[in-house]
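Participant: Please see the structure below; I have some questions.
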Amino acid sequence: MSFTGKLLLGMLLGFPLQVLGWDWHTRVTVILKDQPLLAACQLLEKQYGIHFSYSRDVVNLSHRVTIKARNRSLKRVMAALMDPYDIAYERIGNQIVLTMKATPLRTISGYAEDARTGEKLIGATIYCPAQQAGTVTNQYGFYSLTLKKDTSSLVASYVGYTPQRYPLPVTGDRQLTMALQPRNSLQEIVVTENMQPHLQEQTQMSKVNIAVSEVRAMPKLLGEADVVRTIQSLPGVTGGSEGTGGMSVRGGSPDQNLVLLDGTPVFNSSHVFGIFSVFNPDIVKNADLYKGAFPARYGGRLSSIVDISLKDGDMKAFHGDASISTIAAKFMVEGPLWKDRTSFIVSGRRSYLDILAKPLIGEAFADGENGDLFAFFYDVNVRINHIFSPKDRIYLSAFGGEDAVSLKQEYDYADATPPVQKPYRENSKFKLGWGNLTGTLRWNHVFNQQLFSNVTFNYSQYFFLTQYNYRYEALSINEKSDLYGRYHSRVQAAVGKIDFDYRPRPDHAIKFGLASTTHIFKPGTYFFEDHSNAQSPPDTSYNNFNTVAEEMVLYGEDDWQLTRNLHLNTGLHAAGFLVEKRFYLSLQPRLGLRYLLPGNWALKLAYTHMSQPLHLLSNNTTSLPTDLWVPSTRKVRPMLSKQVTLGMAKTSQDNQYEFSLEGYYKTMDNVIEYTEEANIFTAAGEKWDEQVITGKGRSYGAELLMEKKQGTTRGWIGYTLAWSTRQFAEVNEGRSFPYKYDPRHTIELVFVQKLGKRWELSANWQFATGMPLTLPVASHEGITAPSPHDPDQEPPPRVDVLGPRNSFRGANTHRLDIGVTYTKKKKHWTKSWNFSLFNAYNQQNPFYYYVRTDHEKQERSLAQVTLLPILPSITYTVRF
Amino acid sequence: MRVIIFCTLTLLILSAACRQDANLHLPYEGDRIVLNTFIQADSPVYIRVTRSEPVAVLNDLQFDELPQARVTLLENGVHFAPVHWQQINGRGYFVSELPARPGQRYTVTVAAAGLTPVSGSDSLPAQPVIHSLSAQRTANSIRFILEDPAAATNYYRIRLYKADSVDGVIQPYQKIDFRLDPAYNNNFADIISDSYYKDVVIHDERIAGKKVLLVLQTRDQVNYDYIVAEVSGLSESGYKYLQSLHNQVENGQDSTNILGQPIKVYTNIENGYGIVAGLHASRISCRVR
């Protein structure tokens with residue numbers, strides 16, 4: 001063959017080999033480690049001349065892949081690369097065209113519940129292993145998950161319960177109730193407990209879920225387990241002195257915490273000046289604390305949300321418990337009113353020390369022959385839950401709690417022996433009390449597989465009341481006195497709201513809703529009567545007015561999976577506050593980002609605005625029941641905070657350990673406090689805003705939390721490094737000063753160890769650097785009389801000059817609490833004993849400081865008062 | 001149950017608050033001039049000038065006087081009258097040659113070697129209108145009428161004295177402990193805690209522009225011949241000073257009130273401590289029935 005012939009033959013044979021030089025059976029080698037899909041395509045193009053055509057807007061080739069394929073068919077390699085991401089590939093001409101598969105989807109929705117009691121499980125994980133996709137139940141126990149149509153099964157899991165696999169029908173949307181069986185070990189104690197998805201799978205940050213079993217296992221104070229005290233053991237949360245007087249979250253003030261009980265705001269969540277919270281842990285199902293990165297559905301407070309859900313009540317059988325501790329007795333009963341349709345739960349608690357110690361206290365108060373004294377707190381919860389249909393259920397609940405002191409004194413000196421004998425008799429009655437009352441009606445409705453709604457009407461009030469009767473009657477002359485006085489304050493809120501939970505696609509979880517709240521403020525009304533004089537006091541009532549305000553909220557948020565590794569939670573909370581013809585509008589953006597780093601660490605970032613139109617008039621040292629809630633005014637505008645948070649988080653693969661590290665920076669505008677000369681108890685008249693000053697706050701810091709969530713040994717280590725300051729033009733000559741809740745370092749160690757089936761040990765150690773302190777820096781002579789010639793002169797008083805606000809530091813505080821619980825199961829019931837030691841090594845932590853005068857030594861010195869020394873307690877509980 | 005009762009009683013004993021010395025030293029910000037005067041209408045002005053002390057020093061409540069200080073007294077910004085150092089009842093005062101006049105504004109300045117000069121000023125308030133004082137022997141109450149003018153906010157300090165008649169002149173000699181109906185000062189605690197005072201400071205928020213019968217309950221029975229009621233009109237500065245001084249002594253200083261907060265005593269002295277306040281007293285007397 002001539003050269004020309006060879007050339008032509010070569011062209012004829014060679015052309016197709018060049019143009020169509022590959023087919024699906026072509027053997028290729030692709031080895032990549034953690035590279036984007038695009039790199040794989042480029043490799044195939046370069047090495048084998050395989051061209052790709054696709055639209056960047058439609059096909060995402062940024063997914064990172066690891067593949068080790070040596071001499072495999074092109075078909076198999078393409079399948080390994082593209083199938084996990086639903087990318088379709090088709091040969092057209094000499095190139096491969098990439099498109100997205102039109103995969104049919106379907107949605108599975110329903111509730112997760114305890115198979116034994118019907119209790120809805122909040123935060124249960126519903127997971128599809130084949131697709132590595134899942135969701136968690138919302139706060140009503142509802143879930144919705146959109147999956148590929150060929151999904152054959154789902155797995156539901158929850159700590160304390162046996163994970164369960166549920167086969168799915170071949171096609172069609174489906175409503176499916178996941179009924180999980182509690183594990184047998186100590187199931188009487190661990191009834192419900194929350195397991196969130198891995199931290200790296202949550203875009204939400206600055207949120208801590210408080211497991212009820214941890215609350216119960218923690219050492220008790222005077223025999224009472226407490227949700228809020230457990231929260232105070234977390235990084236970023238500071239209690240008042242020795243755990244009293246409120247809670248500061250990330251440098252905020254106590255009034256900046258929104259406490260929700262089944263979605264209803266509770267204005268004062270503590271008994272006995274903050275030592276105990278009003279939440280009976282026996283009926284608490286779930287508690288979440290948000291310190292920042294607030295979802296758009298929350299608003300109205302600057303610094304934290306404490307969202308507490310109560311148990312629904314057993315749908316299948318009657319259960320209950322009763323316990324008596326060192327300070328209080330309580331009970332809880334739950335059961336079906338109509339099996340599998342209607343359940344109820346009732347609980348009550350009352351302190352009883354006043355009854356036991358009545359003779360001692362009566363003598364201490366010298367209440368006379370017919371005197372009497374009561375000093376107690378109580379709380380009562382009632383809840384009814386009814387299922388109308390798989391799509392509709394209703395909850396009706398009420399809560400009431402009060403702290404009360406009642407003192408009756410009666411003296412008849414005519415009967416006394418000289419020299420006490422006096423020619424008159426007198427008696428007085430005094431009552432002091434404060435408390436909450438709430439009611440909630442909730443309707444859950446499932447519109448379809450993707451849309452869930454919750455309609456809520458609730459009412460909440462907090463009141464403070466003190467009143468007295470005083471009667472005096474002279475025996476020898478016509479003189480008598482009959483006085484009655486009352487002071488009370490009250491704040492009320494009536495809320496109507498509707499929330500929607502919409503899961504249109506696997507990569508979107510949308511929540512939206514609207515709410516309207518009517519606030520009624522009565523910040524301190526006096527009422528007086530004098531039945532003894534011809535002339536009455538100047539007014540029978542004083543400061544008797546209500547201020548009504550309307551608050552409207554509209555919100556929307558979307559948890560959006562942008563890429564496999566990047567998630568965005570974006571939302572907007574729009575709030576309007578209308579009071580006395582003034583309208584304050586606030587648009588609060590909420591933004592959260594999560595990026596999955598190598599090694600399954602999540603990098604998270606959040607930025608949020610929060611607005612608070614309500615203020616609490618409180619003294620500058622301690623939160624008290626007398627503190628008054630007031631609305632914003634023209635002078636005192638709503639508080640506004642901006643917070644940015646950056647952090648990393650991870651849950652270990654076996655769910656045993658959680659680790660999170662967060663840094664935050666928060667600014668607060670329009671924070672208030674009383675002027676330094678204000679007479680605090682009487683300062684909430686119609687011009688209360690003239691008694692306060694307005695300023696700014698700033699806080700920043702870092703929080704570290706390492707937690708062991710499962711196993712026989714549980715607990716956590718928390719560390720916080722924080723700064724919090726305030727700045728008022730009228731204080732410290734306008735210079736910023738440390739806020740009263742500003743411990744630089746805090747450390748919390750919590751340890752719970754199960755020993756066999758019956759014993760459980762727990763310990764809690766806390767350390768905090770000293771709190772800021774205002775001290776006197778000089779003394780001088782005072783004056784009370786204009787002239788040295790005035791009669792009956794007293795020595796001039798001594799005046800102490802206060803130094804700059806909070807410019808000194810108190811002593812560091814630390815405390816160890818330990819507890820041990822013994823549980824024994826009988827045939828039909830279970831009993832348990834708990835012994836606790838609060839402040840086990842009797843550390844003398846300062847509750848407050850004062851200047852002590854020693855007249856003998858002619859000197860004064862700083863002294864401290866310790867309120868809570870070592871306190872042993874015992875609790876006996878019976879469950880059936 | 002017996003275990004629980006035992007634990008409860010143990011708790012009651014243990015839970016008594018514990019007091020001890022704090023491991024912190026009281027700071028001192030250095031010496032300053034202390035200027036104190038209540039300027040009483042129709043009376044010479046008595047001015048106390050002393051030096052501040054560290055908080056830790058007690059010294060029997062004796063503060064260093066500054067007799068060498070240079071003190072000037074201005075009326076409405078103009079030099080008013082010379083002041084002279086005098087010892088009265090063992091204490092040193094700078095006393096003006098002329099009595100203060102109602103309705104005027106006075107300024108006091110003080111300079112002393114080695115200390116920052118200070119000044120303070122205030123106006124004299126109106127004289128309260130009181131009358132119809134009455135009391136009955138062996139009773140526990142004293143009554144009189146106070147007429148509050150409507151035009152302005154008024155502040156009062158009330159005192160009661162036991163008195164004698166000396167050459168036909170009623171002379172007060174000892175203060176009486178009493179308390180006010182809470183309807184006037186909102187102070188429920190006095191009733192509950194059985195508290196009585198030698199003076200009570202109120203403002204007219206509850207009685208503005210009214211003529212009211214004040215019924216003052218005394219700690220002890222009225223068993224003396226004469227009584228004197230003294231009601232002093234106070235300037236706003238005087239009211240703030242006395243009110244905050246009372247609050248500091250009751251709640252903040254050497255406090256046993258665990259819920260109290262440090263109270264700052266009001267001052268209107270520039271660069272120093274103390275108070276310059278106007279005061280205008282009315283006194284009425286009666287024989288006990």
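Each chain of the structure tokens is named A, B, ... in the order shown, its residues numbered from 1; ligands are numbered from 1 in display order.
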As a ChimeraX atom specification, please: the residues near A:Leu81 (cut-off 10 Å, only C-alpha atoms, same-chain neighbours under 4 positions excluded).
Facilitator: /A:37,40-41,63-67,75-77,85-87
Participant: Keeping only N, CA and C atoms, write the selected residues to a file as an mmCIF file, in the first residue's frame.
Facilitator:
```cif
data_model
loop_
_atom_site.group_PDB
_atom_site.id
_atom_site.type_symbol
_atom_site.label_atom_id
_atom_site.label_comp_id
_atom_site.auth_asym_id
_atom_site.auth_seq_id
_atom_site.Cartn_x
_atom_site.Cartn_y
_atom_site.Cartn_z
ATOM 1 N N LEU A 37 -16.130 17.299 43.195
ATOM 2 C CA LEU A 37 -16.508 16.503 42.029
ATOM 3 C C LEU A 37 -15.922 17.086 40.753
ATOM 4 N N ALA A 40 -12.743 15.619 39.720
ATOM 5 C CA ALA A 40 -12.863 14.301 39.085
ATOM 6 C C ALA A 40 -13.179 14.461 37.602
ATOM 7 N N CYS A 41 -14.080 15.398 37.283
ATOM 8 C CA CYS A 41 -14.443 15.629 35.880
ATOM 9 C C CYS A 41 -13.240 16.134 35.093
ATOM 10 N N HIS A 63 -19.399 19.298 45.752
ATOM 11 C CA HIS A 63 -19.374 18.244 46.773
ATOM 12 C C HIS A 63 -18.003 17.594 46.821
ATOM 13 N N ARG A 64 -17.494 17.403 47.989
ATOM 14 C CA ARG A 64 -16.148 16.820 48.123
ATOM 15 C C ARG A 64 -16.257 15.303 48.169
ATOM 16 N N VAL A 65 -15.376 14.661 47.400
ATOM 17 C CA VAL A 65 -15.442 13.204 47.310
ATOM 18 C C VAL A 65 -14.055 12.613 47.547
ATOM 19 N N THR A 66 -14.083 11.381 47.983
ATOM 20 C CA THR A 66 -12.855 10.589 48.101
ATOM 21 C C THR A 66 -13.105 9.280 47.352
ATOM 22 N N ILE A 67 -12.270 8.975 46.370
ATOM 23 C CA ILE A 67 -12.497 7.775 45.545
ATOM 24 C C ILE A 67 -11.138 7.157 45.194
ATOM 25 N N LYS A 75 -18.418 3.564 33.565
ATOM 26 C CA LYS A 75 -19.784 3.543 34.087
ATOM 27 C C LYS A 75 -19.781 3.440 35.617
ATOM 28 N N ARG A 76 -18.949 2.520 36.115
ATOM 29 C CA ARG A 76 -18.917 2.315 37.560
ATOM 30 C C ARG A 76 -18.344 3.533 38.284
ATOM 31 N N VAL A 77 -17.324 4.108 37.659
ATOM 32 C CA VAL A 77 -16.719 5.281 38.304
ATOM 33 C C VAL A 77 -17.714 6.436 38.351
ATOM 34 N N TYR A 85 -25.130 12.103 44.846
ATOM 35 C CA TYR A 85 -25.612 13.483 44.806
ATOM 36 C C TYR A 85 -26.748 13.659 43.808
ATOM 37 N N ASP A 86 -27.336 12.536 43.415
ATOM 38 C CA ASP A 86 -28.497 12.569 42.516
ATOM 39 C C ASP A 86 -28.186 13.304 41.213
ATOM 40 N N ILE A 87 -26.974 13.154 40.728
ATOM 41 C CA ILE A 87 -26.589 13.780 39.460
ATOM 42 C C ILE A 87 -26.704 12.720 38.351
#
```
Participant: Tell me which protein, DNA and RNA residues are within 7 Å of stretch 565-574 of chain A, counting only C-alpha atoms, leaving out same-chain ones fewer than 3 positions away, and put them as a list in words.
Facilitator: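 Close residues of stretch 565-574 of chain A: Thr203, Ala296, Arg297, Val553, Leu554, Tyr555, Gly556, Glu557, Asp558, Asp559, Trp560, Gln561, Leu562, Ser586, Leu587, Gln588, Pro589, Arg590, Leu591, Gly592, Leu593, Arg594, Tyr595 and Leu596 of chain A.
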Participant: For the residues in the current selection, export C-alpha atoms as an mmCIF file, in the first residue's frame.
Facilitator:
```cif
data_model
loop_
_atom_site.group_PDB
_atom_site.id
_atom_site.type_symbol
_atom_site.label_atom_id
_atom_site.label_comp_id
_atom_site.auth_asym_id
_atom_site.auth_seq_id
_atom_site.Cartn_x
_atom_site.Cartn_y
_atom_site.Cartn_z
ATOM 1 C CA THR A 203 -26.989 25.210 63.049
ATOM 2 C CA ALA A 296 -36.664 34.203 65.100
ATOM 3 C CA ARG A 297 -39.626 32.667 66.922
ATOM 4 C CA VAL A 553 -44.979 39.957 66.577
ATOM 5 C CA LEU A 554 -44.456 38.496 63.130
ATOM 6 C CA TYR A 555 -41.608 36.126 62.485
ATOM 7 C CA GLY A 556 -40.185 33.730 59.952
ATOM 8 C CA GLU A 557 -37.108 31.554 59.873
ATOM 9 C CA ASP A 558 -35.627 28.966 57.568
ATOM 10 C CA ASP A 559 -33.036 26.379 58.378
ATOM 11 C CA TRP A 560 -31.555 25.954 54.932
ATOM 12 C CA GLN A 561 -28.966 23.493 53.746
ATOM 13 C CA LEU A 562 -27.021 25.467 51.165
ATOM 14 C CA SER A 586 -38.335 46.762 65.908
ATOM 15 C CA LEU A 587 -36.977 44.642 63.058
ATOM 16 C CA GLN A 588 -34.660 42.056 64.459
ATOM 17 C CA PRO A 589 -32.559 40.025 62.025
ATOM 18 C CA ARG A 590 -31.491 36.570 63.118
ATOM 19 C CA LEU A 591 -28.691 34.859 61.265
ATOM 20 C CA GLY A 592 -26.882 31.601 61.878
ATOM 21 C CA LEU A 593 -24.260 29.846 59.770
ATOM 22 C CA ARG A 594 -22.777 26.405 60.146
ATOM 23 C CA TYR A 595 -19.918 24.969 58.178
ATOM 24 C CA LEU A 596 -18.806 21.398 58.612
#
```
Participant: Please identify all polymer residues within 7 Å of B:Ile47, counting only C-alpha atoms, omitting same-chain residues fewer than 5 positions from it, and present them as a ChimeraX atom specification.
Facilitator: /B:36-37,93-95
Participant: Can those selected residues be exported to a file as a PDB file, in the first residue's frame so that it contains C-alpha atoms?
Facilitator:
```pdb
ATOM      1  CA  ASN B  36     -22.235  71.273 106.693  1.00  0.00           C
ATOM      2  CA  THR B  37     -24.914  73.829 107.383  1.00  0.00           C
ATOM      3  CA  TYR B  93     -18.850  76.761 114.273  1.00  0.00           C
ATOM      4  CA  PHE B  94     -18.435  79.606 111.856  1.00  0.00           C
ATOM      5  CA  VAL B  95     -21.362  81.856 112.820  1.00  0.00           C
TER       6      VAL B  95
END
```
Participant: When you draw a straight line from atom CA of A:His828 to atom CA of A:Val878, how long is it in Å?
Facilitator: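 Separating atom CA of A:His828 from atom CA of A:Val878 is a distance of 10.6 Å.
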Participant: Hey, which of B:Tyr239, B:Gln171, B:Asp220, B:Ile275 ends up closest to B:Val201? Count only C-alpha atoms.
Facilitator: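 Closest residue, counting only C-alpha atoms: B:Tyr239.
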Participant: In terms of the shortest atom-to-atom distance over only C-alpha atoms, which of A:Pro254, A:Gly782, A:Gly647, A:Pro776 is closest to A:Val799?
Facilitator: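 Of A:Pro254, A:Gly782, A:Gly647, A:Pro776, the one nearest A:Val799 is A:Gly782, counting only C-alpha atoms.
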Participant: Can you tell me, as a short mmCIF file (atom, residue, chain, number, x, y, z; two decimals) with N, CA and C atoms, in the first residue's frame, what residues are no more than 7 Å from B:Ile145 when counting only C-alpha atoms, ignoring any on the same chain fewer than 2 positions away?
Facilitator:
```cif
data_model
loop_
_atom_site.label_atom_id
_atom_site.label_comp_id
_atom_site.auth_asym_id
_atom_site.auth_seq_id
_atom_site.Cartn_x
_atom_site.Cartn_y
_atom_site.Cartn_z
N ILE B 130 -48.82 75.32 110.46
CA ILE B 130 -49.35 74.26 111.32
C ILE B 130 -50.13 74.90 112.46
N HIS B 131 -51.12 74.19 112.97
CA HIS B 131 -51.91 74.70 114.09
C HIS B 131 -52.74 73.56 114.67
N SER B 132 -53.49 73.90 115.71
CA SER B 132 -54.44 72.97 116.35
C SER B 132 -53.75 71.74 116.94
N GLU B 147 -51.20 72.63 106.88
CA GLU B 147 -51.79 73.15 105.65
C GLU B 147 -50.69 73.23 104.59
N LYS B 211 -55.33 70.54 103.52
CA LYS B 211 -55.23 70.79 104.96
C LYS B 211 -55.52 69.46 105.64
N VAL B 212 -54.50 68.91 106.30
CA VAL B 212 -54.65 67.55 106.82
C VAL B 212 -54.39 67.49 108.31
N LEU B 213 -55.13 66.59 108.94
CA LEU B 213 -54.91 66.33 110.36
C LEU B 213 -53.90 65.20 110.47
N LEU B 214 -52.75 65.49 111.02
CA LEU B 214 -51.73 64.46 111.21
C LEU B 214 -51.90 63.85 112.59
#
```
Participant: Could you name the residues that touch A:Leu816 at 8 Å or less, counting only C-alpha atoms, but leaving out those on the same chain fewer than 3 positions away, as a compact mmCIF listing (two decimals) with N, CA and C atoms, in the first residue's frame?
Facilitator:
```txt
# COMPACT_ATOMS: atom_id res chain seq x y z
N ALA A 763 -22.04 15.05 92.25
CA ALA A 763 -21.27 16.13 92.87
C ALA A 763 -21.24 17.32 91.93
N ASN A 764 -21.17 18.48 92.51
CA ASN A 764 -21.20 19.72 91.74
C ASN A 764 -20.27 20.70 92.42
N TRP A 765 -19.24 21.13 91.71
CA TRP A 765 -18.29 22.10 92.28
C TRP A 765 -18.30 23.34 91.41
N GLN A 766 -18.42 24.47 92.05
CA GLN A 766 -18.47 25.73 91.30
C GLN A 766 -17.44 26.70 91.87
N PHE A 838 -25.26 20.37 100.76
CA PHE A 838 -25.02 21.62 100.05
C PHE A 838 -23.84 22.30 100.75
N ASN A 839 -22.90 22.78 99.96
CA ASN A 839 -21.70 23.41 100.52
C ASN A 839 -21.00 22.44 101.47
N ALA A 840 -20.56 21.32 100.91
CA ALA A 840 -20.09 20.19 101.72
C ALA A 840 -18.90 20.55 102.61
N TYR A 841 -18.00 21.39 102.15
CA TYR A 841 -16.86 21.73 103.02
C TYR A 841 -17.06 23.09 103.71
```
Participant: What parts of stretch 51-263 of chain B does DSSP call helix (DSSP H, G or I)? I'd like the answer as a PyMOL selection string.
Facilitator: chain B and resi 59-61+182-185+189-193+204-206+236-252
